[in-house]
file my_file35.pdb (PDB, C-alpha atoms)
ATOM      1  CA  MET A  36      81.428 -22.200-153.011
ATOM      2  CA  VAL A  37      83.007 -20.573-149.965
ATOM      3  CA  VAL A  38      85.723 -21.859-147.694
ATOM      4  CA  GLY A  39      86.470 -20.309-144.323
ATOM      5  CA  VAL A  40      90.143 -19.841-143.467
ATOM      6  CA  TYR A  41      92.300 -18.399-140.718
ATOM      7  CA  ILE A  42      94.897 -15.865-141.900
ATOM      8  CA  PRO A  43      97.652 -15.832-139.217
ATOM      9  CA  GLY A  44      99.368 -12.571-140.102
ATOM     10  CA  SER A  45      98.946  -9.458-142.201
ATOM     11  CA  ILE A  46      99.509  -9.959-145.909
ATOM     12  CA  SER A  47      99.176  -7.631-148.853
ATOM     13  CA  PHE A  48      96.635  -9.048-151.249
ATOM     14  CA  ASN A  49      97.566  -8.328-154.868
ATOM     15  CA  LYS A  50      97.354 -11.651-156.713
ATOM     16  CA  VAL A  51      95.880 -15.084-156.119
ATOM     17  CA  GLN A  52      97.027 -18.236-157.921
ATOM     18  CA  MET A  53      94.671 -21.189-158.238
ATOM     19  CA  LEU A  54      95.182 -24.730-159.475
ATOM     20  CA  ILE A  55      92.607 -25.752-162.054
ATOM     21  CA  THR A  56      91.923 -29.288-163.208
ATOM     22  CA  ASP A  57      91.638 -30.468-166.801
ATOM     23  CA  PHE A  58      89.498 -28.206-168.931
ATOM     24  CA  GLY A  59      88.223 -31.146-170.923
ATOM     25  CA  ALA A  60      89.169 -32.776-174.173
ATOM     26  CA  ALA A  61      87.118 -30.572-176.450
ATOM     27  CA  SER A  62      86.650 -27.295-174.603
ATOM     28  CA  THR A  63      86.260 -24.170-176.670
ATOM     29  CA  GLY A  64      85.231 -20.663-175.758
ATOM     30  CA  THR A  65      85.938 -18.317-172.866
ATOM     31  CA  LEU A  66      86.129 -19.445-169.270
ATOM     32  CA  THR A  67      86.241 -16.985-166.378
ATOM     33  CA  ILE A  68      87.428 -17.925-162.890
ATOM     34  CA  HIS A  69      86.081 -15.724-160.105
ATOM     35  CA  PHE A  70      87.482 -15.223-156.612
ATOM     36  CA  GLY A  71      85.988 -13.208-153.779
ATOM     37  CA  LEU A  72      87.418 -12.311-150.361
ATOM     38  CA  TYR A  73      84.601 -12.008-147.827
ATOM     39  CA  SER A  74      84.447 -10.900-144.211
ATOM     40  CA  LEU A  75      81.707 -11.990-141.823
ATOM     41  CA  ASN A  76      79.556  -9.315-140.186
ATOM     42  CA  GLY A  77      76.949 -10.942-137.989
ATOM     43  CA  SER A  78      75.261 -13.416-140.329
ATOM     44  CA  THR A  79      76.236 -11.654-143.551
ATOM     45  CA  LEU A  80      79.284 -12.202-145.741
ATOM     46  CA  SER A  81      80.490  -8.881-147.160
ATOM     47  CA  LEU A  82      82.725  -8.657-150.217
ATOM     48  CA  ALA A  83      86.044  -7.044-149.316
ATOM     49  CA  ASN A  84      87.953  -7.725-152.528
ATOM     50  CA  SER A  85      87.739  -9.718-155.736
ATOM     51  CA  ALA A  86      89.868 -11.162-158.508
ATOM     52  CA  SER A  87      89.157 -12.830-161.814
ATOM     53  CA  CYS A  88      90.833 -14.311-164.856
ATOM     54  CA  SER A  89      89.444 -15.133-168.288
ATOM     55  CA  THR A  90      91.034 -17.650-170.573
ATOM     56  CA  ASN A  91      90.161 -18.454-174.179
ATOM     57  CA  GLN A  92      90.294 -22.081-175.141
ATOM     58  CA  SER A  93      90.154 -23.531-178.611
ATOM     59  CA  GLY A  94      90.904 -26.879-180.192
ATOM     60  CA  THR A  95      90.963 -30.252-178.528
ATOM     61  CA  THR A  96      94.117 -30.101-176.406
ATOM     62  CA  PRO A  97      93.243 -29.931-172.722
ATOM     63  CA  LEU A  98      95.305 -28.083-170.139
ATOM     64  CA  ASN A  99      96.391 -30.361-167.297
ATOM     65  CA  LEU A 100      96.544 -28.799-163.835
ATOM     66  CA  PRO A 101      97.546 -25.286-164.832
ATOM     67  CA  TRP A 102      98.183 -22.521-162.294
ATOM     68  CA  ILE A 103      95.974 -19.564-163.097
ATOM     69  CA  THR A 104      96.827 -16.059-161.854
ATOM     70  CA  LEU A 105      93.979 -13.770-160.877
ATOM     71  CA  ALA A 106      94.629 -10.060-160.323
ATOM     72  CA  THR A 107      92.688  -8.277-157.567
ATOM     73  CA  SER A 108      90.440  -5.307-158.184
ATOM     74  CA  ALA A 109      92.353  -3.326-155.556
ATOM     75  CA  THR A 110      95.475  -3.899-153.465
ATOM     76  CA  GLN A 111      94.497  -4.638-149.883
ATOM     77  CA  ASP A 112      96.243  -5.433-146.633
ATOM     78  CA  ILE A 113      94.457  -8.511-145.255
ATOM     79  CA  THR A 114      94.402  -8.412-141.454
ATOM     80  CA  PRO A 115      94.805 -11.572-139.311
ATOM     81  CA  GLY A 116      91.694 -13.549-138.458
ATOM     82  CA  ASN A 117      88.856 -15.477-140.090
ATOM     83  CA  TRP A 118      88.045 -14.761-143.728
ATOM     84  CA  TYR A 119      85.918 -16.524-146.344
ATOM     85  CA  LEU A 120      87.176 -17.294-149.836
ATOM     86  CA  GLY A 121      84.581 -17.602-152.604
ATOM     87  CA  PHE A 122      85.272 -19.471-155.856
ATOM     88  CA  TRP A 123      83.322 -20.265-159.005
ATOM     89  CA  PHE A 124      83.420 -20.440-162.794
ATOM     90  CA  THR A 125      81.348 -18.810-165.526
ATOM     91  CA  GLY A 126      81.570 -19.679-169.191
ATOM     92  CA  SER A 127      80.459 -22.013-171.905
ATOM     93  CA  SER A 128      78.814 -25.293-171.026
ATOM     94  CA  ALA A 129      81.469 -26.983-173.194
ATOM     95  CA  PHE A 130      83.943 -26.595-170.330
ATOM     96  CA  VAL A 131      84.173 -29.085-167.513
ATOM     97  CA  PRO A 132      86.659 -27.390-165.190
ATOM     98  CA  GLY A 133      87.246 -28.003-161.533
ATOM     99  CA  PHE A 134      89.370 -26.733-158.680
ATOM    100  CA  ALA A 135      92.262 -28.945-157.562
ATOM    101  CA  GLY A 136      92.478 -29.178-153.805
ATOM    102  CA  LEU A 137      92.049 -31.156-150.601
ATOM    103  CA  GLY A 138      89.089 -33.327-149.875
ATOM    104  CA  GLY A 139      86.850 -35.115-152.287
ATOM    105  CA  ASN A 140      83.410 -36.324-153.101
ATOM    106  CA  PHE A 141      82.665 -38.250-149.940
ATOM    107  CA  ALA A 142      79.300 -39.736-149.180
ATOM    108  CA  TRP A 143      78.228 -37.179-146.545
ATOM    109  CA  THR A 144      75.327 -37.925-144.255
ATOM    110  CA  THR A 145      75.310 -35.101-141.691
ATOM    111  CA  PRO A 146      76.458 -31.431-141.895
ATOM    112  CA  TYR A 147      78.615 -29.768-139.234
ATOM    113  CA  GLY A 148      76.992 -27.644-136.546
ATOM    114  CA  GLY A 149      77.478 -23.982-135.727
ATOM    115  CA  ASN A 150      78.412 -21.066-137.972
ATOM    116  CA  LEU A 151      79.143 -21.374-141.691
ATOM    117  CA  VAL A 152      82.700 -22.594-142.300
ATOM    118  CA  ARG A 153      82.375 -23.856-145.863
ATOM    119  CA  GLY A 154      79.582 -24.658-148.263
ATOM    120  CA  ARG A 155      77.941 -24.082-151.617
ATOM    121  CA  TYR A 156      75.802 -21.052-152.542
ATOM    122  CA  SER A 157      72.229 -22.222-152.990
ATOM    123  CA  THR A 158      71.584 -20.331-156.242
ATOM    124  CA  THR A 159      73.476 -19.908-159.497
ATOM    125  CA  THR A 160      74.953 -16.504-160.214
ATOM    126  CA  ASN A 161      76.909 -14.681-162.913
ATOM    127  CA  ALA A 162      78.351 -12.010-160.639
ATOM    128  CA  LEU A 163      80.035 -11.795-157.257
ATOM    129  CA  PRO A 164      77.396 -10.836-154.678
ATOM    130  CA  SER A 165      78.469  -7.857-152.591
ATOM    131  CA  SER A 166      76.759  -9.416-149.581
ATOM    132  CA  ILE A 167      75.340 -12.873-148.873
ATOM    133  CA  GLU A 168      73.452 -14.221-145.888
ATOM    134  CA  THR A 169      75.227 -17.262-144.442
ATOM    135  CA  SER A 170      71.849 -19.020-144.454
ATOM    136  CA  ALA A 171      72.005 -18.974-148.277
ATOM    137  CA  PHE A 172      74.789 -21.562-148.245
ATOM    138  CA  ASN A 173      74.379 -25.330-148.105
ATOM    139  CA  LYS A 174      76.903 -26.911-145.777
ATOM    140  CA  GLU A 175      78.549 -30.151-146.903
ATOM    141  CA  GLY A 176      76.236 -32.977-145.963
ATOM    142  CA  SER A 177      73.106 -30.828-146.280
ATOM    143  CA  ALA A 178      70.170 -32.368-148.130
ATOM    144  CA  GLY A 179      70.696 -32.106-151.869
ATOM    145  CA  ASP A 180      74.328 -30.974-151.608
ATOM    146  CA  ALA A 181      76.370 -33.912-150.382
ATOM    147  CA  ASN A 182      79.717 -33.372-152.091
ATOM    148  CA  SER A 183      80.854 -29.801-151.456
ATOM    149  CA  SER A 184      83.896 -30.627-149.341
ATOM    150  CA  LEU A 185      86.775 -29.512-151.586
ATOM    151  CA  VAL A 186      89.280 -26.990-150.246
ATOM    152  CA  PRO A 187      90.989 -25.504-153.350
ATOM    153  CA  TYR A 188      94.748 -25.054-153.563
ATOM    154  CA  ILE A 189      95.478 -21.324-153.733
ATOM    155  CA  LEU A 190      98.409 -19.020-153.187
ATOM    156  CA  ILE A 191      97.829 -15.441-152.071
ATOM    157  CA  SER A 192     100.743 -13.191-152.817
ATOM    158  CA  ALA A 193     101.703  -9.616-152.111
TER     159      ALA A 193
ATOM    160  CA  MET B 236      94.556 -10.752-129.802
ATOM    161  CA  GLY B 237      91.239 -11.099-131.627
ATOM    162  CA  GLN B 238      88.326 -13.497-131.259
ATOM    163  CA  LEU B 239      87.777 -16.242-133.801
ATOM    164  CA  ASN B 240      84.384 -17.234-135.213
ATOM    165  CA  PHE B 241      85.678 -20.680-136.075
ATOM    166  CA  PHE B 242      88.873 -22.742-136.061
ATOM    167  CA  PRO B 243      89.053 -25.453-138.747
ATOM    168  CA  ASN B 244      91.510 -28.311-138.223
ATOM    169  CA  ILE B 245      90.420 -30.098-141.389
ATOM    170  CA  ASN B 246      92.901 -29.630-144.205
ATOM    171  CA  HIS B 247      94.459 -33.068-143.925
ATOM    172  CA  VAL B 248      96.115 -34.528-146.983
ATOM    173  CA  LEU B 249      94.929 -38.060-147.752
ATOM    174  CA  ALA B 250      92.682 -38.356-144.701
ATOM    175  CA  ASP B 251      92.712 -41.751-142.975
ATOM    176  CA  ASN B 252      89.952 -43.569-141.157
ATOM    177  CA  LYS B 253      90.974 -44.674-137.652
ATOM    178  CA  LEU B 254      88.924 -47.559-136.264
ATOM    179  CA  VAL B 255      87.498 -46.744-132.837
ATOM    180  CA  GLN B 256      88.095 -49.432-130.202
ATOM    181  CA  ASP B 257      85.385 -49.411-127.535
ATOM    182  CA  GLY B 258      86.637 -47.489-124.486
ATOM    183  CA  SER B 259      89.818 -46.220-126.137
ATOM    184  CA  LEU B 260      91.078 -42.744-125.221
ATOM    185  CA  THR B 261      93.082 -40.875-127.872
ATOM    186  CA  PHE B 262      94.873 -37.580-127.302
ATOM    187  CA  MET B 263      95.554 -35.227-130.212
ATOM    188  CA  PRO B 264      97.251 -31.790-130.167
ATOM    189  CA  LEU B 265      95.466 -28.638-131.238
ATOM    190  CA  ASN B 266      97.345 -25.359-131.736
ATOM    191  CA  ILE B 267      94.744 -22.620-131.303
ATOM    192  CA  PRO B 268      96.010 -19.399-132.940
ATOM    193  CA  ASP B 269      93.594 -16.954-131.306
ATOM    194  CA  ASN B 270      90.806 -16.730-128.695
ATOM    195  CA  ILE B 271      87.697 -18.794-129.454
ATOM    196  CA  SER B 272      84.641 -19.825-127.431
ATOM    197  CA  TRP B 273      84.299 -23.520-126.634
ATOM    198  CA  ALA B 274      80.717 -23.721-127.891
ATOM    199  CA  THR B 275      80.197 -26.130-130.819
ATOM    200  CA  VAL B 276      82.699 -28.895-131.469
ATOM    201  CA  ASN B 277      82.432 -30.821-134.749
ATOM    202  CA  LEU B 278      84.222 -34.153-135.118
ATOM    203  CA  LEU B 279      84.405 -35.935-138.473
ATOM    204  CA  VAL B 280      83.478 -39.608-138.227
ATOM    205  CA  ARG B 281      82.767 -42.427-140.638
ATOM    206  CA  THR B 282      80.374 -45.329-140.416
ATOM    207  CA  SER B 283      80.733 -48.204-142.854
ATOM    208  CA  SER B 284      77.839 -50.521-142.148
ATOM    209  CA  SER B 285      74.146 -50.486-142.936
ATOM    210  CA  ALA B 286      73.377 -52.234-139.626
ATOM    211  CA  ASN B 287      71.749 -50.301-136.798
ATOM    212  CA  GLN B 288      74.444 -48.839-134.571
ATOM    213  CA  THR B 289      74.768 -46.377-131.706
ATOM    214  CA  HIS B 290      78.071 -44.748-130.854
ATOM    215  CA  THR B 291      79.068 -42.235-128.197
ATOM    216  CA  ILE B 292      81.916 -39.758-128.240
ATOM    217  CA  LEU B 293      83.209 -38.129-125.050
ATOM    218  CA  MET B 294      85.646 -35.322-125.747
ATOM    219  CA  GLY B 295      87.767 -33.470-123.214
ATOM    220  CA  LEU B 296      89.721 -30.258-123.636
ATOM    221  CA  TYR B 297      93.010 -30.661-121.778
ATOM    222  CA  SER B 298      95.872 -28.327-120.954
ATOM    223  CA  LEU B 299      99.367 -29.676-120.403
ATOM    224  CA  ASP B 300     100.951 -28.750-117.075
ATOM    225  CA  THR B 301     104.609 -29.316-117.882
ATOM    226  CA  ALA B 302     105.672 -28.702-114.254
ATOM    227  CA  ILE B 303     103.962 -31.897-113.143
ATOM    228  CA  SER B 304     103.889 -33.614-116.567
ATOM    229  CA  SER B 305     100.121 -33.959-116.439
ATOM    230  CA  LEU B 306      97.149 -33.359-118.683
ATOM    231  CA  ILE B 307      94.483 -31.354-116.836
ATOM    232  CA  LEU B 308      90.820 -31.502-117.915
ATOM    233  CA  ALA B 309      89.517 -27.968-118.594
ATOM    234  CA  ASN B 310      86.201 -28.748-120.278
ATOM    235  CA  SER B 311      84.248 -31.545-121.921
ATOM    236  CA  VAL B 312      81.422 -32.349-124.296
ATOM    237  CA  SER B 313      79.743 -35.548-125.456
ATOM    238  CA  ARG B 314      77.170 -36.910-127.850
ATOM    239  CA  SER B 315      75.631 -40.174-128.996
ATOM    240  CA  MET B 316      74.595 -40.862-132.556
ATOM    241  CA  SER B 317      72.450 -43.640-133.959
ATOM    242  CA  THR B 318      72.539 -44.555-137.607
ATOM    243  CA  ASN B 319      71.966 -47.379-140.052
ATOM    244  CA  GLY B 320      73.847 -45.907-142.981
ATOM    245  CA  SER B 321      77.363 -45.617-144.352
ATOM    246  CA  GLY B 322      79.303 -42.442-145.003
ATOM    247  CA  ARG B 323      81.103 -39.524-143.409
ATOM    248  CA  ALA B 324      79.259 -37.352-140.949
ATOM    249  CA  TRP B 325      80.062 -34.359-138.823
ATOM    250  CA  MET B 326      79.267 -35.223-135.210
ATOM    251  CA  SER B 327      78.236 -31.873-133.772
ATOM    252  CA  MET B 328      78.496 -31.479-129.970
ATOM    253  CA  VAL B 329      77.116 -28.450-128.146
ATOM    254  CA  ASP B 330      76.465 -29.430-124.521
ATOM    255  CA  THR B 331      79.807 -28.301-123.130
ATOM    256  CA  SER B 332      80.332 -28.817-119.412
ATOM    257  CA  ALA B 333      81.127 -25.124-118.916
ATOM    258  CA  THR B 334      81.295 -21.880-120.845
ATOM    259  CA  GLN B 335      84.901 -21.191-121.704
ATOM    260  CA  ASN B 336      86.937 -18.875-123.874
ATOM    261  CA  ILE B 337      89.869 -20.920-125.157
ATOM    262  CA  THR B 338      93.061 -18.862-125.099
ATOM    263  CA  PRO B 339      95.707 -19.134-127.817
ATOM    264  CA  GLY B 340      98.235 -21.900-127.431
ATOM    265  CA  THR B 341      98.595 -25.654-127.474
ATOM    266  CA  TRP B 342      95.710 -27.708-126.141
ATOM    267  CA  PHE B 343      94.950 -31.413-126.316
ATOM    268  CA  LEU B 344      91.683 -33.105-127.171
ATOM    269  CA  GLY B 345      91.037 -36.394-125.430
ATOM    270  CA  ILE B 346      88.546 -38.503-127.382
ATOM    271  CA  ILE B 347      86.833 -41.584-125.932
ATOM    272  CA  GLY B 348      84.831 -43.716-128.365
ATOM    273  CA  ARG B 349      82.081 -46.005-127.087
ATOM    274  CA  THR B 350      80.811 -48.262-129.885
ATOM    275  CA  GLY B 351      77.579 -50.211-129.917
ATOM    276  CA  GLY B 352      75.956 -52.549-132.384
ATOM    277  CA  THR B 353      78.898 -52.762-134.786
ATOM    278  CA  ALA B 354      82.600 -52.031-134.816
ATOM    279  CA  ALA B 355      82.368 -50.121-138.111
ATOM    280  CA  PHE B 356      82.871 -46.690-136.534
ATOM    281  CA  GLN B 357      85.902 -44.590-137.394
ATOM    282  CA  LEU B 358      87.410 -41.191-136.745
ATOM    283  CA  VAL B 359      88.589 -39.341-139.859
ATOM    284  CA  GLY B 360      91.938 -37.575-139.859
ATOM    285  CA  THR B 361      95.600 -38.378-140.213
ATOM    286  CA  SER B 362      96.959 -41.481-138.550
ATOM    287  CA  ASN B 363     100.553 -42.727-138.261
ATOM    288  CA  THR B 364     100.485 -46.417-137.519
ATOM    289  CA  ALA B 365     103.108 -48.905-136.407
ATOM    290  CA  ILE B 366     105.712 -46.427-135.184
ATOM    291  CA  GLY B 367     108.434 -48.451-133.520
ATOM    292  CA  ASN B 368     109.376 -46.247-130.558
ATOM    293  CA  ASN B 369     108.047 -43.491-128.326
ATOM    294  CA  PHE B 370     108.196 -39.972-129.721
ATOM    295  CA  PRO B 371     111.556 -38.569-128.475
ATOM    296  CA  GLY B 372     110.487 -34.917-128.148
ATOM    297  CA  GLY B 373     107.888 -33.172-125.989
ATOM    298  CA  PHE B 374     104.410 -34.632-125.505
ATOM    299  CA  ILE B 375     102.351 -34.522-128.708
ATOM    300  CA  GLY B 376      99.526 -36.940-127.957
ATOM    301  CA  GLY B 377      98.931 -40.669-128.190
ATOM    302  CA  MET B 378      96.805 -43.443-126.720
ATOM    303  CA  TYR B 379      95.871 -43.854-123.041
ATOM    304  CA  SER B 380      97.303 -47.149-121.860
ATOM    305  CA  VAL B 381      94.001 -48.529-120.495
ATOM    306  CA  THR B 382      90.385 -48.542-121.670
ATOM    307  CA  THR B 383      88.022 -46.206-119.845
ATOM    308  CA  ASN B 384      84.401 -45.025-119.769
ATOM    309  CA  ALA B 385      85.100 -41.555-118.407
ATOM    310  CA  LEU B 386      87.454 -38.676-119.118
ATOM    311  CA  PRO B 387      90.175 -38.502-116.457
ATOM    312  CA  SER B 388      90.286 -35.170-114.627
ATOM    313  CA  ASP B 389      94.057 -35.332-114.666
ATOM    314  CA  LEU B 390      96.453 -37.772-116.210
ATOM    315  CA  ASP B 391     100.199 -38.313-116.022
ATOM    316  CA  ILE B 392     101.544 -38.190-119.574
ATOM    317  CA  THR B 393     103.651 -41.282-118.877
ATOM    318  CA  GLU B 394     100.366 -43.199-119.028
ATOM    319  CA  VAL B 395      99.907 -42.107-122.645
ATOM    320  CA  THR B 396     101.617 -44.259-125.234
ATOM    321  CA  THR B 397     103.304 -42.098-127.859
ATOM    322  CA  SER B 398     104.434 -44.910-130.110
ATOM    323  CA  GLY B 399     102.135 -46.970-132.296
ATOM    324  CA  ASP B 400      99.256 -44.825-133.479
ATOM    325  CA  LEU B 401      99.422 -41.011-133.388
ATOM    326  CA  PHE B 402      96.157 -39.563-134.629
ATOM    327  CA  GLU B 403      95.134 -36.021-135.677
ATOM    328  CA  GLY B 404      91.392 -35.796-136.251
ATOM    329  CA  CYS B 405      89.376 -33.478-138.462
ATOM    330  CA  ILE B 406      87.825 -30.932-136.092
ATOM    331  CA  ILE B 407      85.900 -27.703-136.531
ATOM    332  CA  LEU B 408      85.534 -25.504-133.458
ATOM    333  CA  ASN B 409      82.663 -23.067-133.840
ATOM    334  CA  ALA B 410      82.069 -20.119-131.510
TER     335      ALA B 410
END
call {"tool": "encode", "arguments": {"input": "my_file35.pdb", "output": "structure tokens"}}
result
Amino acid sequence: MVVGVYIPGSISFNKVQMLITDFGAASTGTLTIHFGLYSLNGSTLSLANSASCSTNQSGTTPLNLPWITLATSATQDITPGNWYLGFWFTGSSAFVPGFAGLGGNFAWTTPYGGNLVRGRYSTTTNALPSSIETSAFNKEGSAGDANSSLVPYILISA
Amino acid sequence: MGQLNFFPNINHVLADNKLVQDGSLTFMPLNIPDNISWATVNLLVRTSSSANQTHTILMGLYSLDTAISSLILANSVSRSMSTNGSGRAWMSMVDTSATQNITPGTWFLGIIGRTGGTAAFQLVGTSNTAIGNNFPGGFIGGMYSVTTNALPSDLDITEVTTSGDLFEGCIILNA
């Protein structure tokens, strides 16, 4: 999933904190949260930076709305303007995590027009793509992908 | 200053659904942080009936001339949609009246809703209802005091009611 944002001023990108929903009552194993910072060049999203965090879960006690800290692969000064934030999980099928954020599972009937602003990648992946065509994303309301309208809560810190 | 590819005004907490009254004109503020082309305007709407219905949105981009306390029409776009389903939809409008590069600053969107077939047509955003007095600060939007079928080319802000229902819609501007 990617969400387009406007960054109003320069900020050093060192860590990103994300709010994760309940991991599930009986989740065990390793869960990895992935984050990618993408810029748009023409019709291609290019990976500018990335961050990830792996957490080991065992037992039956779920975590309720924890903040997870992801460390970036390199410190970067993000310049003002439009950027795209990519989010997804990899891990055991025993997990049922989600991102806490704005929006929800509305009954969408029609996608927005114009350039990609937010949407869901059309294929599954186990690694952050270094470049992605914007045409490879399904906008919210597109056929077969009606509920991709969530804007995750994140904090980017220097 | 740079040039934006898009400007999303969509991160509303607990979005409301504002019922569109036929011929109503609503003004909402939009703080544009950087230059962006007025090319594709997406407005989030909601229909809640399975009956056949046709609705039209006329949207004007207005600047506020504080010297004469008037909203001045800079550009416009419109679209009709027909549906017989329920749900949220992005109403995408591309036939702008003129090519324009929107400069950074505060602008106002004037939105006229023309409903047909059923009254179950709503704008999605944030709505503050039943405010008891006019907003005491500078102009921030509101409802035009009369119903209309066309976007006024200029409008004295005293004709816009700033009490009652202040609405901020979910909008995506796309270059």
call {"tool": "resolve_selection", "arguments": {"input": "my_file35.pdb", "expression": "the PyMOL selection byres ((chain B and resi 372-387) around 8)", "output": "VMD selection string"}}
result
chain B and resid 257 to 264 293 to 295 308 343 345 347 349 370 to 371 388 to 390 392 394 to 398 400 to 402
call {"tool": "residues_around", "arguments": {"input": "my_file35.pdb", "residues": "Val40 (chain A)", "least_positions_apart": "6", "cutoff": "12 Å", "atoms": "all atoms listed in the file", "output": "ChimeraX atom specification"}}
result
/A:72-75,115-121,151-153,186-187,189 /B:239-246,407
call {"tool": "resolve_selection", "arguments": {"input": "my_file35.pdb", "expression": "the ChimeraX specification (/A :<7) & /B", "output": "ChimeraX atom specification"}}
result
/B:239-240,246,248,275,277,322-327,409
call {"tool": "closest_residue", "arguments": {"input": "my_file35.pdb", "among": "B:Ser304, B:Ser285, B:Asp251, B:Asn310", "to": "Asn336 (chain B)", "atoms": "only C-alpha atoms"}}
result
B:Asn310
call {"tool": "resolve_selection", "arguments": {"input": "my_file35.pdb", "expression": "the PyMOL selection byres ((chain A and resi 44-51) around 10)", "output": "PDB file with C-alpha atoms, keeping the file's coordinate frame"}}
result
ATOM      1  CA  TYR A  41      92.300 -18.399-140.718  1.00  0.00           C
ATOM      2  CA  ILE A  42      94.897 -15.865-141.900  1.00  0.00           C
ATOM      3  CA  PRO A  43      97.652 -15.832-139.217  1.00  0.00           C
ATOM      4  CA  GLN A  52      97.027 -18.236-157.921  1.00  0.00           C
ATOM      5  CA  MET A  53      94.671 -21.189-158.238  1.00  0.00           C
ATOM      6  CA  PHE A  70      87.482 -15.223-156.612  1.00  0.00           C
ATOM      7  CA  LEU A  72      87.418 -12.311-150.361  1.00  0.00           C
ATOM      8  CA  ASN A  84      87.953  -7.725-152.528  1.00  0.00           C
ATOM      9  CA  SER A  85      87.739  -9.718-155.736  1.00  0.00           C
ATOM     10  CA  ALA A  86      89.868 -11.162-158.508  1.00  0.00           C
ATOM     11  CA  SER A  87      89.157 -12.830-161.814  1.00  0.00           C
ATOM     12  CA  TRP A 102      98.183 -22.521-162.294  1.00  0.00           C
ATOM     13  CA  ILE A 103      95.974 -19.564-163.097  1.00  0.00           C
ATOM     14  CA  THR A 104      96.827 -16.059-161.854  1.00  0.00           C
ATOM     15  CA  LEU A 105      93.979 -13.770-160.877  1.00  0.00           C
ATOM     16  CA  ALA A 106      94.629 -10.060-160.323  1.00  0.00           C
ATOM     17  CA  THR A 107      92.688  -8.277-157.567  1.00  0.00           C
ATOM     18  CA  SER A 108      90.440  -5.307-158.184  1.00  0.00           C
ATOM     19  CA  ALA A 109      92.353  -3.326-155.556  1.00  0.00           C
ATOM     20  CA  THR A 110      95.475  -3.899-153.465  1.00  0.00           C
ATOM     21  CA  GLN A 111      94.497  -4.638-149.883  1.00  0.00           C
ATOM     22  CA  ASP A 112      96.243  -5.433-146.633  1.00  0.00           C
ATOM     23  CA  ILE A 113      94.457  -8.511-145.255  1.00  0.00           C
ATOM     24  CA  THR A 114      94.402  -8.412-141.454  1.00  0.00           C
ATOM     25  CA  PRO A 115      94.805 -11.572-139.311  1.00  0.00           C
ATOM     26  CA  GLY A 116      91.694 -13.549-138.458  1.00  0.00           C
ATOM     27  CA  ILE A 189      95.478 -21.324-153.733  1.00  0.00           C
ATOM     28  CA  LEU A 190      98.409 -19.020-153.187  1.00  0.00           C
ATOM     29  CA  ILE A 191      97.829 -15.441-152.071  1.00  0.00           C
ATOM     30  CA  SER A 192     100.743 -13.191-152.817  1.00  0.00           C
ATOM     31  CA  ALA A 193     101.703  -9.616-152.111  1.00  0.00           C
TER      32      ALA A 193
END
call {"tool": "residues_near_point", "arguments": {"input": "my_file35.pdb", "point": "(77.0, -15.9, -140.6)", "cutoff": "8 Å", "atoms": "all atoms listed in the file", "output": "number ranges by chain"}}
result
A: 75-80, 150-151, 168-170
call {"tool": "residues_near_point", "arguments": {"input": "my_file35.pdb", "point": "(84.6, -50.5, -140.7)", "cutoff": "8 Å", "atoms": "only C-alpha atoms", "output": "list in words"}}
result
Leu254, Thr282, Ser283, Ser284, Ala354, Ala355, Phe356 and Gln357 of chain B
